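**Student:** What follows is target15.cif; its format and atoms are mmCIF, C-alpha atoms and all ligand atoms.
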data_work
#
loop_
_atom_site.label_atom_id
_atom_site.label_comp_id
_atom_site.auth_asym_id
_atom_site.auth_seq_id
_atom_site.Cartn_x
_atom_site.Cartn_y
_atom_site.Cartn_z
CA MET Q 1 0.00 0.00 0.00
CA ILE Q 2 1.23 3.49 -0.86
CA THR Q 3 2.36 5.24 2.37
CA GLU Q 4 0.44 8.45 1.66
CA LEU Q 5 -2.78 6.41 1.55
CA GLU Q 6 -2.10 4.52 4.75
CA LYS Q 7 -2.33 7.76 6.73
CA PHE Q 8 -5.62 8.89 5.19
CA LYS Q 9 -8.53 8.32 7.58
CA GLY Q 10 -11.30 9.10 5.07
CA PHE Q 11 -14.28 11.41 4.93
CA SER Q 12 -17.45 10.42 6.71
CA ALA Q 13 -20.84 12.08 7.01
CA LYS Q 14 -19.56 13.60 10.29
CA ASN Q 15 -16.37 15.24 9.00
CA LEU Q 16 -17.39 16.62 5.62
CA PRO Q 17 -15.36 19.72 4.72
CA LYS Q 18 -17.30 22.98 4.89
CA GLU Q 19 -15.16 24.61 2.19
CA GLU Q 20 -16.55 25.04 -1.31
CA GLY Q 21 -14.08 25.43 -4.18
CA LEU Q 22 -16.96 25.82 -6.59
CA ALA Q 23 -19.62 28.38 -5.65
CA PRO Q 24 -23.34 28.06 -6.38
CA GLY Q 25 -24.89 30.36 -8.97
CA HIS Q 26 -23.26 28.67 -11.97
CA ARG Q 27 -25.32 28.09 -15.10
CA ALA Q 28 -25.48 24.30 -15.30
CA CYS Q 29 -28.80 22.72 -16.30
CA GLN Q 30 -31.08 21.50 -13.54
CA GLY Q 31 -30.05 18.06 -12.35
CA CYS Q 32 -26.60 18.21 -14.02
CA GLY Q 33 -24.53 15.27 -12.78
CA GLU Q 34 -21.24 16.85 -13.88
CA VAL Q 35 -21.55 19.94 -11.73
CA LEU Q 36 -22.75 17.86 -8.78
CA ALA Q 37 -19.70 15.61 -9.09
CA LEU Q 38 -17.39 18.58 -9.56
CA ARG Q 39 -18.65 20.19 -6.35
CA MET Q 40 -17.82 16.96 -4.49
CA VAL Q 41 -14.37 16.84 -6.12
CA MET Q 42 -13.66 20.40 -4.99
CA LYS Q 43 -14.96 19.77 -1.47
CA ALA Q 44 -12.63 16.80 -1.18
CA LEU Q 45 -9.60 18.78 -2.38
CA GLY Q 46 -10.09 21.96 -0.34
CA LYS Q 47 -8.70 25.35 -1.34
CA ASP Q 48 -5.02 24.51 -1.90
CA VAL Q 49 -5.47 23.49 -5.49
CA ILE Q 50 -4.85 24.86 -8.98
CA VAL Q 51 -7.49 23.80 -11.51
CA CYS Q 52 -6.75 23.36 -15.22
CA CYS Q 53 -10.12 23.05 -16.94
CA ALA Q 54 -10.62 21.84 -20.51
CA THR Q 55 -13.36 23.54 -22.47
CA GLY Q 56 -16.66 21.68 -22.26
CA CYS Q 57 -19.83 22.09 -20.21
CA MET Q 58 -18.05 22.59 -16.89
CA GLU Q 59 -16.01 25.46 -18.22
CA ILE Q 60 -18.87 27.17 -20.01
CA VAL Q 61 -21.36 27.05 -17.14
CA THR Q 62 -18.88 28.18 -14.46
CA THR Q 63 -17.11 31.05 -16.21
CA PRO Q 64 -19.46 33.30 -18.21
CA PHE Q 65 -17.21 36.40 -18.41
CA PRO Q 66 -16.94 38.50 -16.24
CA GLN Q 67 -18.32 36.07 -13.64
CA THR Q 68 -16.78 32.93 -12.20
CA SER Q 69 -17.89 30.22 -9.78
CA TRP Q 70 -14.32 29.21 -8.98
CA GLN Q 71 -12.99 30.11 -5.53
CA VAL Q 72 -9.51 28.72 -6.30
CA PRO Q 73 -6.85 29.49 -8.94
CA TRP Q 74 -8.28 28.29 -12.25
CA ILE Q 75 -6.95 28.23 -15.81
CA HIS Q 76 -8.91 27.97 -19.04
CA ILE Q 77 -7.47 25.27 -21.31
CA ALA Q 78 -8.30 24.33 -24.90
CA PHE Q 79 -10.41 21.23 -25.47
CA GLU Q 80 -7.51 18.80 -25.70
CA ASN Q 81 -4.59 19.76 -23.48
CA ALA Q 82 -5.61 20.20 -19.83
CA ALA Q 83 -3.05 17.53 -18.87
CA SER Q 84 -0.25 19.37 -20.72
CA VAL Q 85 -0.99 22.63 -18.91
CA ALA Q 86 -1.25 20.75 -15.59
CA SER Q 87 2.21 19.30 -16.37
CA GLY Q 88 3.58 22.81 -16.91
CA VAL Q 89 2.01 24.11 -13.71
CA GLU Q 90 3.44 21.18 -11.78
CA ALA Q 91 6.93 21.67 -13.21
CA ALA Q 92 6.80 25.44 -12.58
CA ARG Q 93 5.67 24.93 -8.97
CA LYS Q 94 8.56 22.55 -8.34
CA VAL Q 95 11.15 24.96 -9.79
CA LEU Q 96 9.75 28.01 -8.00
CA MET Q 97 9.85 26.16 -4.68
CA ARG Q 98 13.38 24.91 -5.34
CA LYS Q 99 14.53 28.47 -6.08
CA GLY Q 100 12.80 29.78 -2.96
CA ARG Q 101 10.51 32.05 -4.97
CA ILE Q 102 7.38 30.57 -3.35
CA PRO Q 103 7.04 28.87 0.06
CA LYS Q 104 7.44 25.10 0.21
CA ARG Q 105 3.97 23.70 0.78
CA HIS Q 106 1.75 21.16 -0.89
CA VAL Q 107 -0.67 22.42 -3.55
CA ASP Q 108 -2.72 19.94 -5.55
CA ILE Q 109 -2.95 20.24 -9.30
CA LEU Q 110 -6.22 19.17 -10.87
CA ALA Q 111 -6.96 18.75 -14.57
CA VAL Q 112 -10.64 18.40 -15.48
CA GLY Q 113 -12.16 17.32 -18.78
CA GLY Q 114 -15.32 15.79 -20.18
CA ASP Q 115 -15.33 12.35 -21.80
CA GLY Q 116 -14.74 13.91 -25.24
CA ALA Q 117 -11.76 15.89 -23.99
CA THR Q 118 -10.40 12.91 -22.08
CA GLY Q 119 -11.19 9.75 -24.01
CA ASP Q 120 -10.93 11.13 -27.53
CA ILE Q 121 -9.27 14.45 -28.30
CA GLY Q 122 -6.98 14.80 -25.25
CA LEU Q 123 -6.04 11.14 -24.89
CA SER Q 124 -2.47 11.41 -26.15
CA TRP Q 125 -1.77 14.55 -24.08
CA ILE Q 126 -2.95 12.80 -20.91
CA SER Q 127 -0.94 9.74 -21.82
CA GLY Q 128 2.18 11.91 -22.22
CA ALA Q 129 1.68 13.60 -18.85
CA MET Q 130 1.27 10.22 -17.17
CA GLU Q 131 4.30 8.81 -18.91
CA ARG Q 132 6.37 11.76 -17.69
CA GLY Q 133 5.17 11.05 -14.16
CA HIS Q 134 3.82 14.48 -13.26
CA ASP Q 135 2.30 14.77 -9.79
CA PHE Q 136 -1.27 15.72 -10.73
CA LEU Q 137 -4.81 14.42 -10.65
CA TYR Q 138 -6.90 14.08 -13.80
CA VAL Q 139 -10.67 13.92 -13.32
CA CYS Q 140 -12.88 12.91 -16.23
CA LEU Q 141 -16.53 13.94 -15.92
CA ASP Q 142 -18.16 11.36 -18.17
CA ASN Q 143 -21.62 12.36 -19.42
CA GLU Q 144 -21.18 10.00 -22.36
CA ALA Q 145 -21.21 12.54 -25.24
CA TYR Q 146 -19.92 15.91 -26.44
CA MET Q 147 -22.72 17.78 -24.66
CA ASN Q 148 -21.43 21.32 -24.78
CA THR Q 149 -21.44 21.49 -28.56
CA GLY Q 150 -24.81 19.80 -29.09
CA VAL Q 151 -24.83 16.14 -27.95
CA GLN Q 152 -22.52 14.53 -30.50
CA ARG Q 153 -21.38 10.95 -29.84
CA SER Q 154 -17.99 10.38 -28.19
CA GLY Q 155 -15.90 7.25 -27.73
CA CYS Q 156 -17.54 6.98 -24.28
CA THR Q 157 -21.11 7.03 -25.61
CA PRO Q 158 -22.69 3.69 -24.72
CA TYR Q 159 -23.68 1.18 -27.39
CA GLY Q 160 -27.14 1.91 -28.81
CA ALA Q 161 -27.49 5.45 -27.42
CA MET Q 162 -29.07 8.15 -29.54
CA THR Q 163 -27.01 11.30 -30.08
CA THR Q 164 -27.18 13.90 -32.83
CA THR Q 165 -24.43 12.04 -34.69
CA SER Q 166 -25.70 8.52 -33.90
CA PRO Q 167 -29.42 8.94 -34.61
CA PRO Q 168 -31.61 5.83 -34.73
CA GLY Q 169 -33.59 5.49 -37.94
CA LYS Q 170 -33.73 3.46 -41.14
CA LYS Q 171 -29.95 3.31 -41.46
CA GLY Q 172 -28.93 2.56 -37.89
CA SER Q 173 -29.99 2.03 -34.33
CA GLY Q 174 -27.94 4.48 -32.28
CA GLN Q 175 -24.26 4.34 -31.32
CA VAL Q 176 -22.62 1.37 -33.04
CA THR Q 177 -19.51 0.90 -30.88
CA TRP Q 178 -19.15 -0.28 -27.28
CA LYS Q 179 -18.20 2.35 -24.67
CA LYS Q 180 -14.45 2.99 -24.63
CA ASN Q 181 -12.87 1.76 -21.37
CA VAL Q 182 -10.89 4.87 -20.49
CA PRO Q 183 -10.05 3.86 -16.86
CA ALA Q 184 -8.45 0.66 -18.24
CA ILE Q 185 -6.40 2.74 -20.69
CA MET Q 186 -5.22 4.93 -17.81
CA ALA Q 187 -4.43 1.91 -15.60
CA ALA Q 188 -2.35 0.50 -18.45
CA HIS Q 189 0.10 3.38 -17.89
CA GLY Q 190 1.05 1.77 -14.58
CA ILE Q 191 0.30 4.98 -12.64
CA PRO Q 192 -0.14 4.71 -8.84
CA TYR Q 193 -3.88 5.36 -8.64
CA VAL Q 194 -6.93 4.98 -10.91
CA ALA Q 195 -10.55 4.88 -9.78
CA THR Q 196 -14.12 5.06 -11.01
CA ALA Q 197 -16.69 7.03 -9.01
CA SER Q 198 -20.30 8.17 -9.05
CA PRO Q 199 -22.03 11.18 -7.47
CA ALA Q 200 -24.69 8.76 -6.18
CA TYR Q 201 -22.04 7.48 -3.72
CA PHE Q 202 -20.66 10.80 -2.57
CA LEU Q 203 -18.40 9.61 0.27
CA ASP Q 204 -16.85 6.99 -1.97
CA LEU Q 205 -16.30 9.67 -4.63
CA MET Q 206 -14.75 12.18 -2.22
CA ASN Q 207 -12.50 9.59 -0.61
CA LYS Q 208 -11.23 8.44 -3.99
CA VAL Q 209 -10.50 12.01 -5.10
CA LYS Q 210 -8.62 12.72 -1.87
CA LYS Q 211 -6.62 9.50 -2.17
CA ALA Q 212 -5.82 10.33 -5.80
CA ALA Q 213 -4.55 13.75 -4.70
CA LEU Q 214 -2.50 12.25 -1.87
CA VAL Q 215 -0.49 9.82 -3.95
CA GLU Q 216 2.72 11.09 -5.47
CA GLY Q 217 2.67 10.96 -9.25
CA PRO Q 218 -0.17 10.88 -11.75
CA ALA Q 219 -3.64 9.78 -10.65
CA TYR Q 220 -6.91 9.42 -12.53
CA VAL Q 221 -10.56 9.38 -11.41
CA HIS Q 222 -13.32 8.65 -13.92
CA ILE Q 223 -16.68 9.99 -12.71
CA TYR Q 224 -19.99 8.94 -14.16
CA SER Q 225 -22.08 12.08 -14.69
CA PRO Q 226 -25.74 11.99 -15.76
CA CYS Q 227 -26.79 14.75 -18.17
CA PRO Q 228 -30.58 15.30 -18.29
CA THR Q 229 -30.29 17.58 -21.33
CA GLY Q 230 -28.30 15.15 -23.46
CA TRP Q 231 -29.91 11.97 -22.19
CA GLY Q 232 -33.53 13.11 -22.32
CA SER Q 233 -34.03 12.24 -18.66
CA ALA Q 234 -35.74 14.04 -15.79
CA GLY Q 235 -33.35 16.30 -13.87
CA GLU Q 236 -34.58 15.08 -10.50
CA ARG Q 237 -33.70 11.47 -11.45
CA SER Q 238 -29.98 12.03 -12.12
CA VAL Q 239 -28.79 10.56 -8.82
CA GLU Q 240 -31.20 7.65 -9.30
CA PHE Q 241 -29.72 6.90 -12.75
CA ALA Q 242 -26.19 7.20 -11.35
CA LYS Q 243 -27.14 4.62 -8.71
CA LEU Q 244 -28.89 2.34 -11.21
CA ALA Q 245 -25.79 2.35 -13.44
CA VAL Q 246 -23.86 0.84 -10.51
CA GLU Q 247 -26.63 -1.52 -9.39
CA THR Q 248 -27.03 -2.94 -12.91
CA ARG Q 249 -23.20 -3.32 -13.20
CA ILE Q 250 -23.21 -0.95 -16.19
CA PHE Q 251 -20.76 1.35 -14.36
CA PRO Q 252 -18.87 -0.64 -11.69
CA LEU Q 253 -17.03 1.22 -8.94
CA TYR Q 254 -13.44 0.18 -8.37
CA GLU Q 255 -9.89 1.34 -7.70
CA VAL Q 256 -6.63 0.28 -9.28
CA ILE Q 257 -3.96 0.93 -6.65
CA GLU Q 258 -0.46 0.30 -8.02
CA GLY Q 259 -1.95 -2.18 -10.49
CA ARG Q 260 -4.10 -3.98 -7.91
CA TYR Q 261 -7.84 -3.99 -8.72
CA VAL Q 262 -10.17 -3.45 -5.76
CA ILE Q 263 -13.94 -3.46 -6.35
CA SER Q 264 -15.42 -0.76 -4.10
CA ARG Q 265 -18.97 -2.06 -4.19
CA LYS Q 266 -19.59 -5.66 -5.18
CA ILE Q 267 -22.95 -6.07 -6.88
CA THR Q 268 -23.99 -9.61 -6.04
CA LYS Q 269 -27.63 -9.32 -7.11
CA PRO Q 270 -27.58 -7.01 -10.15
CA LYS Q 271 -30.73 -5.34 -11.42
CA PRO Q 272 -31.50 -5.98 -15.13
CA VAL Q 273 -30.05 -3.33 -17.46
CA THR Q 274 -33.57 -2.55 -18.71
CA GLU Q 275 -34.29 -0.83 -15.37
CA TYR Q 276 -31.55 1.68 -16.10
CA PHE Q 277 -32.76 2.36 -19.64
CA LYS Q 278 -36.34 3.26 -18.68
CA GLY Q 279 -36.78 7.02 -18.48
CA GLN Q 280 -33.87 7.96 -20.75
CA ARG Q 281 -34.95 9.15 -24.20
CA ARG Q 282 -31.58 8.26 -25.72
CA PHE Q 283 -32.34 4.52 -25.26
CA ARG Q 284 -36.08 4.33 -26.00
CA HIS Q 285 -35.63 2.90 -29.54
CA LEU Q 286 -33.58 -0.14 -28.37
CA SER Q 287 -34.80 -3.48 -29.74
CA GLU Q 288 -35.07 -6.73 -27.75
CA ASP Q 289 -31.98 -8.00 -29.59
CA GLN Q 290 -29.98 -4.93 -28.64
CA LEU Q 291 -31.10 -5.20 -25.01
CA SER Q 292 -30.00 -8.86 -24.84
CA PHE Q 293 -26.68 -7.99 -26.46
CA ILE Q 294 -26.08 -5.21 -23.90
CA GLN Q 295 -27.04 -7.43 -20.93
CA ALA Q 296 -24.65 -10.18 -22.10
CA LYS Q 297 -21.80 -7.73 -22.65
CA VAL Q 298 -22.32 -6.03 -19.26
CA ASP Q 299 -22.25 -9.47 -17.54
CA GLU Q 300 -19.09 -10.39 -19.44
CA GLU Q 301 -17.31 -7.14 -18.52
CA TYR Q 302 -18.22 -7.46 -14.85
CA ALA Q 303 -16.94 -11.05 -14.80
CA ARG Q 304 -13.64 -9.80 -16.26
CA LEU Q 305 -13.40 -7.12 -13.58
CA MET Q 306 -14.04 -9.72 -10.85
CA LYS Q 307 -11.25 -11.89 -12.31
CA LEU Q 308 -8.89 -8.91 -12.32
CA SER Q 309 -9.67 -8.18 -8.67
CA GLU Q 310 -9.07 -11.82 -7.73
CA ALA Q 311 -5.87 -12.06 -9.76
CA THR Q 312 -4.17 -8.86 -8.58
C1 LIG Q 401 -9.74 20.65 -31.08
C2 LIG Q 401 -11.14 21.08 -30.81
N1 LIG Q 401 -12.16 20.40 -31.36
C3 LIG Q 401 -13.44 20.76 -31.09
C4 LIG Q 401 -13.71 21.83 -30.27
C5 LIG Q 401 -15.13 22.24 -29.96
N2 LIG Q 401 -15.56 21.74 -28.67
C6 LIG Q 401 -15.47 22.48 -27.55
S1 LIG Q 401 -16.15 21.71 -26.21
C7 LIG Q 401 -16.57 20.35 -27.17
C8 LIG Q 401 -17.29 19.17 -26.60
C9 LIG Q 401 -16.96 18.86 -25.18
O1 LIG Q 401 -17.34 17.55 -24.88
P1 LIG Q 401 -16.83 16.83 -23.59
O2 LIG Q 401 -15.37 16.94 -23.45
O3 LIG Q 401 -17.39 15.45 -23.55
O4 LIG Q 401 -17.45 17.72 -22.41
P2 LIG Q 401 -18.99 18.04 -22.05
O5 LIG Q 401 -19.33 19.31 -22.75
O6 LIG Q 401 -19.82 16.89 -22.49
O7 LIG Q 401 -18.97 18.22 -20.58
C10 LIG Q 401 -16.16 20.52 -28.49
C11 LIG Q 401 -16.38 19.55 -29.58
C12 LIG Q 401 -12.63 22.53 -29.71
N3 LIG Q 401 -12.83 23.53 -28.87
N4 LIG Q 401 -11.35 22.15 -30.00
S1 LIG Q 402 -25.76 19.83 -20.99
FE1 LIG Q 402 -25.58 18.18 -19.50
S2 LIG Q 402 -23.48 18.23 -18.67
FE2 LIG Q 402 -23.91 20.19 -19.74
S3 LIG Q 402 -24.60 21.56 -18.08
FE3 LIG Q 402 -26.43 20.66 -19.01
S4 LIG Q 402 -26.86 18.81 -17.78
FE4 LIG Q 402 -24.75 19.47 -17.33
#
As a first step, turn the structure in this file into structure tokens.

**Tutor:**
Amino acid sequence: MITELEKFKGFSAKNLPKEEGLAPGHRACQGCGEVLALRMVMKALGKDVIVCCATGCMEIVTTPFPQTSWQVPWIHIAFENAASVASGVEAARKVLMRKGRIPKRHVDILAVGGDGATGDIGLSWISGAMERGHDFLYVCLDNEAYMNTGVQRSGCTPYGAMTTTSPPGKKGSGQVTWKKNVPAIMAAHGIPYVATASPAYFLDLMNKVKKAALVEGPAYVHIYSPCPTGWGSAGERSVEFAKLAVETRIFPLYEVIEGRYVISRKITKPKPVTEYFKGQRRFRHLSEDQLSFIQAKVDEEYARLMKLSEAT
């Protein structure tokens, strides 16, 4: 076990931080899972953090010039290179401390991006930062499409989902590829800490973010983030969908600590995937065949995860 993690006692309902790095009054849609998750991330990290934010929903809704919701140092980054800028900030901080230009104290560096920024366009930049071993945390807020520019499909859009670029109709039946496994790609870099999290399990999410910040070197947390606007779901049901994704095994919660897989919440009696699909417009066209295909694939992927946790 990494020594930094051994010392961490964990957040509980009784010791939740009062600090808010992200103020209310932002312009996210009602029921936005991304902004809910981001608030939890910022609560877990506290105020000693520099945020490098890729363009996407979370940048647009929090920084309509001249206003900002950020209560911590924050940098606007292009769509693809939040990890590169985080690398530069980390290197600069190290040099300035070494030269005595700023006091020696720990400041976390957080890069934030949506699933499009992370899994598609920024993938090689993140990979480079991890390879170089920068001490930073990358958080992906995965709402399963390019929402900010009009709900286009991304590599993280689930199989069968309707988006503006994967419309069901005579020529197709929604997204044709299976969701890209970005946490597995990150874990393949052999970095000290990778985790998946959900705003429906807020203590689990906050503890994972804090652990990721505590470890020395690159860390990655992939957070499932319902998006009522893009999914065609009721805003008040976002947390319910986030929970159902875990209970159906569609989005399992786990950590990969120095290559060792630990399932955070074992789902021994999974709900059928159809329960998760009800109430989301993006899935309402799915055929019986597609539903059976998805159920079989979800079962297969969970079995593989179980094997990884037993083997490592
Ligand atoms: C290289 C490049 N391509 C495309 C864009 C336009 N663009 C800005 S945000 C965005 C989508 C963001 O999607 P995602 O990262 O999934 O975040 P979300 O808005 O869903 O939170 C796109 C396509 C851009 N700014 N730069
Ligand atoms: S479009 Fe989706 S992710 Fe973007 S602010 Fe609205 S609910 Fe949140």

**Student:** Go through segment 42-82 of chain Q and flag each residue having an atom no more than 9 Å from segment 122-146 of chain Q; for those, report the closest pair of atoms plus their distance in Å to one decimal, using all atoms listed in the file, ordered by chain and rising number, as a tab-separated table.

**Tutor:**
residue	atom	partner	partner_atom	distance
Q:Gly56	CA	Q:Tyr146	CA	7.8
Q:Cys57	CA	Q:Tyr146	CA	8.8
Q:Met58	CA	Q:Leu141	CA	8.8
Q:Phe79	CA	Q:Gly122	CA	7.3
Q:Glu80	CA	Q:Gly122	CA	4.1
Q:Asn81	CA	Q:Gly122	CA	5.8
Q:Ala82	CA	Q:Gly122	CA	7.8

**Student:** So that I have them on file, write out the residues from the current selection with C-alpha atoms, as an mmCIF file, keeping the file's coordinate frame.

**Tutor:**
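File written: selection.cif
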data_model
loop_
_atom_site.group_PDB
_atom_site.id
_atom_site.type_symbol
_atom_site.label_atom_id
_atom_site.label_comp_id
_atom_site.auth_asym_id
_atom_site.auth_seq_id
_atom_site.Cartn_x
_atom_site.Cartn_y
_atom_site.Cartn_z
ATOM 1 C CA GLY Q 56 -16.660 21.680 -22.260
ATOM 2 C CA CYS Q 57 -19.830 22.090 -20.210
ATOM 3 C CA MET Q 58 -18.050 22.590 -16.890
ATOM 4 C CA PHE Q 79 -10.410 21.230 -25.470
ATOM 5 C CA GLU Q 80 -7.510 18.800 -25.700
ATOM 6 C CA ASN Q 81 -4.590 19.760 -23.480
ATOM 7 C CA ALA Q 82 -5.610 20.200 -19.830
#

**Student:** Counting only C-alpha atoms and all ligand atoms, what residues are within 10 Å of ligand LIG 401 (chain Q), given as a count of residues only?

**Tutor:** 47

**Student:** Would you please work out which residue, of Q:Cys52, Q:Pro183, Q:Leu244, Q:Glu236, is nearest to Val89 of chain Q when using only C-alpha atoms?

**Tutor:**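 Closest candidate: Q:Cys52.
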
**Student:** Please identify all polymer residues lying at most 10 Å from the point (-3.9, 1.6, -15.9) (file coordinates), using all atoms listed in the file, and present the result as a ChimeraX atom specification.

**Tutor:** /Q:182-195,219-220,256-261

**Student:** Choose the residue, out of Q:Val51, Q:Val273, Q:Gly172, Q:Glu255, that has the smallest atom-to-atom separation from Asp204 of chain Q; count all atoms listed in the file.

**Tutor:**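 Of Q:Val51, Q:Val273, Q:Gly172, Q:Glu255, the one nearest Asp204 of chain Q is Q:Glu255, counting all atoms listed in the file.
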
**Student:** Neighbouring residues of Asp299 of chain Q were defined as those with any atom within 12 Å, considering all atoms listed in the file; residues of the same chain fewer than 6 positions away were excluded. Please report them as a list of chain:residue names.

**Tutor:**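 Skipping anything fewer than 6 positions along the chain leaves Q:Thr248, Q:Arg249, Q:Ile250, Q:Phe251, Q:Pro252, Q:Ile267, Q:Thr268, Q:Lys269, Q:Pro270, Q:Lys271, Q:Pro272, Q:Val273, Q:Ser292, Q:Phe293, Q:Leu305, Q:Met306.
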
**Student:** Please compute the atom CA of His222 of chain Q-atom CA of Leu205 of chain Q distance, one decimal, in Å.

**Tutor:**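 If I compute the distance from atom CA of His222 of chain Q to atom CA of Leu205 of chain Q, I get 9.8 Å.
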
**Student:** Within 9 Å of Leu286 of chain Q, counting all atoms listed in the file, which residues show up once you throw out same-chain ones fewer than 2 positions away? Write them as a PDB file with C-alpha atoms, keeping the file's coordinate frame, please.

**Tutor:**
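Saved to result.pdb:
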ATOM      1  CA  GLY Q 160     -27.140   1.910 -28.810  1.00  0.00           C
ATOM      2  CA  ALA Q 161     -27.490   5.450 -27.420  1.00  0.00           C
ATOM      3  CA  PRO Q 168     -31.610   5.830 -34.730  1.00  0.00           C
ATOM      4  CA  SER Q 173     -29.990   2.030 -34.330  1.00  0.00           C
ATOM      5  CA  GLY Q 174     -27.940   4.480 -32.280  1.00  0.00           C
ATOM      6  CA  PHE Q 283     -32.340   4.520 -25.260  1.00  0.00           C
ATOM      7  CA  ARG Q 284     -36.080   4.330 -26.000  1.00  0.00           C
ATOM      8  CA  GLU Q 288     -35.070  -6.730 -27.750  1.00  0.00           C
ATOM      9  CA  ASP Q 289     -31.980  -8.000 -29.590  1.00  0.00           C
ATOM     10  CA  GLN Q 290     -29.980  -4.930 -28.640  1.00  0.00           C
ATOM     11  CA  LEU Q 291     -31.100  -5.200 -25.010  1.00  0.00           C
TER      12      LEU Q 291
END

**Student:** Near Pro226 of chain Q, counting all atoms listed in the file, which residues have an atom at most 10 Å away, once you skip same-chain residues fewer than 6 positions from it, shown as a list in words?

**Tutor:**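 In the requested format, the answer is Gly31, Cys32, Gly33, Glu34, Val35, Leu36, Ala37, Leu141, Asp142, Asn143, Glu144, Ser198, Pro199, Ser233, Gly235, Arg237, Ser238, Val239, Glu240, Phe241, Ala242 and Ala245 of chain Q.
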
**Student:** Measuring atom to atom with all atoms listed in the file, identify which of Q:Glu19, Q:Asp108, Q:Asp48, Q:Glu310 is nearest to Glu216 of chain Q.

**Tutor:**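 Of Q:Glu19, Q:Asp108, Q:Asp48, Q:Glu310, the one nearest Glu216 of chain Q, counting all atoms listed in the file, is Q:Asp108.
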
**Student:** Using 6 Å of padding on each side, determine the axis-aligned box around all atoms of ligand LIG 402 (chain Q) present in the file and give its centre and edge lengths in Å to one decimal, as JSON.

**Tutor:**
{"center_x": -25.2, "center_y": 19.9, "center_z": -19.2, "size_x": 15.4, "size_y": 15.4, "size_z": 15.7}

**Student:** Report, in Å to a single decimal, how far apart atom CA of Leu22 of chain Q and atom CA of His76 of chain Q are.

**Tutor:**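 Interatomic distance, atom CA of His76 of chain Q to atom CA of Leu22 of chain Q: 15.0 Å.
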